[in-house]
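What follows is a set of notes on a single structure, which appears directly below.
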Amino acid sequence: MYAGENVIFSREQKVKKIVKLGAGKMEISGKIKFNYSAEVIWEAMHNPELLKNAIPGCQDLSLVANGEYDVELKLGVAAVKGDYTGKVKLKDLEVPYQYILNAEGSGKPGFVSAEMDCKIIPDGDGCQLIWECNADIGGMIAGVGSRVIGGIAKFMAGKFFKDMEKQLKTHQRI
């Protein structure tokens, strides 16, 4: 999938909407254009090794059941700085075009529970990944202003896609 292929991400990587709804609720969405087929991007977005190396602060990502993972993160970003443990579960898979990711995690700074709808849409020779996420946040991180949390969420989403680009460029077909 990756060896010898020229990996090019469009710079159309955008977090298009961040809305803090109050009472610890947040919505965030975005899209990114890839110059790869939906099948290649689907495989990359479901590859534990690539994900572990692309998720900001990921220390461990362990498959515990079909589509379920335990995750450990060590984040060093502003108000969310700290160690977190959590679970990720994939559901409603429509290979290679759509899935829903449920994630929950907690650490000293607080907790997050999120559901993200991911759609991979063919687009010419490549595809677009369009995602929408609803999250509940609590603890100290919920007390931080919406601009700060929104900025951190945007930064982390951008870092994930940038790091996934690096992973795609350097890995052999798996």
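Please note that chains go A, B, ... in the order of the structure tokens, that every chain numbers its residues from 1, and that ligands are numbered from 1 in the order shown.
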Inset, instruction - From stretch 9-104 of chain A, collect each residue whose DSSP state is strand (DSSP E) and return the set as a VMD selection string. - result: chain A and resid 14 to 22 25 to 34 58 to 65 68 to 75 82 to 94 98 to 104
Legend entry - Separation of atom CA of A:Glu27 from atom CA of A:Gly105, in Å and rounded to one decimal: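 Atom-to-atom, atom CA of A:Glu27 to atom CA of A:Gly105, that is 17.0 Å.
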Legend entry - Proximity to A:Ala103 - best of A:Asp123, A:Glu68, A:Asp83, A:Glu132, only C-alpha atoms: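 Among A:Asp123, A:Glu68, A:Asp83, A:Glu132, it is A:Glu68 that comes nearest to A:Ala103.
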Inset, instruction - Please identify all polymer residues within 12 Å of A:Val144, counting only C-alpha atoms, omitting same-chain residues fewer than 4 positions from it, and present them as an MDAnalysis selection string. - result: chainID A and resid 20 22:24 78:80 109:110 137:140 148:152
Legend entry - d(atom CA of A:Tyr97, atom CA of A:Met156) in Å: 23.3 Å
Inset, instruction - Compare A:Lys25, A:Arg147, A:Lys33, A:Lys89 by their minimum atom-to-atom distance to A:Asp70, counting only C-alpha atoms, and give me the closest one. - result: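 For A:Asp70, the nearest of the given residues is A:Lys89.
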Inset, instruction - Counting only C-alpha atoms, figure out which residue out of A:Val77, A:Ala44, A:Ile141, A:Leu168 gets nearest to A:Met26. - result: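 Once distances to A:Met26 are computed over only C-alpha atoms, the minimum belongs to A:Ile141.
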Legend entry - Pick from A:Gln59, A:Leu73, A:Lys169, A:Met164 nearest to A:Asn47, counting only C-alpha atoms: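 Checking each candidate against A:Asn47, we get A:Met164 as the closest.
Counting only C-alpha atoms, A:Thr85 has the following residues at most 12 Å away, ignoring those fewer than 2 positions along the same chain: Gly57, Cys58, Gln59, Asp60, Leu61, Ser62, Tyr69, Asp70, Val71, Glu72, Leu73, Lys74, Leu75, Gly82, Asp83, Lys87, Val88, Ala103, Glu104, Gly105, Ser106, Gly107, Lys108, Pro109, Gly110, Phe111, Val112 and Ser113 of chain A.
Minimum atom-to-atom distance to A:Cys118, evaluated using only C-alpha atoms, belongs to A:Gly30 out of A:Gly158, A:Gly30, A:Gly67, A:Gly76.
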Inset, instruction - Calculate how many Å separate atom CA of A:Val64 from atom CA of A:Asp163, rounding to one decimal. - result: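 Separation of atom CA of A:Val64 and atom CA of A:Asp163: 24.2 Å.
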Legend entry - A:Asp125 surroundings by only C-alpha atoms, 8 Å radius, close-in-sequence under 3 positions cut, as a PyMOL selection string: chain A and resi 35-37+122
Inset, instruction - Could you please write out, as a ChimeraX atom specification, every residue of chain A that DSSP assigns to alpha helix (DSSP H)? - result: /A:38-45,48-54,146-170
Legend entry - Using only C-alpha atoms: which of A:Ala142, A:Leu50, A:Ala153, A:Ile120 has the shortest distance to A:Val95: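 Checking each candidate against A:Val95, we get A:Ile120 as the closest.
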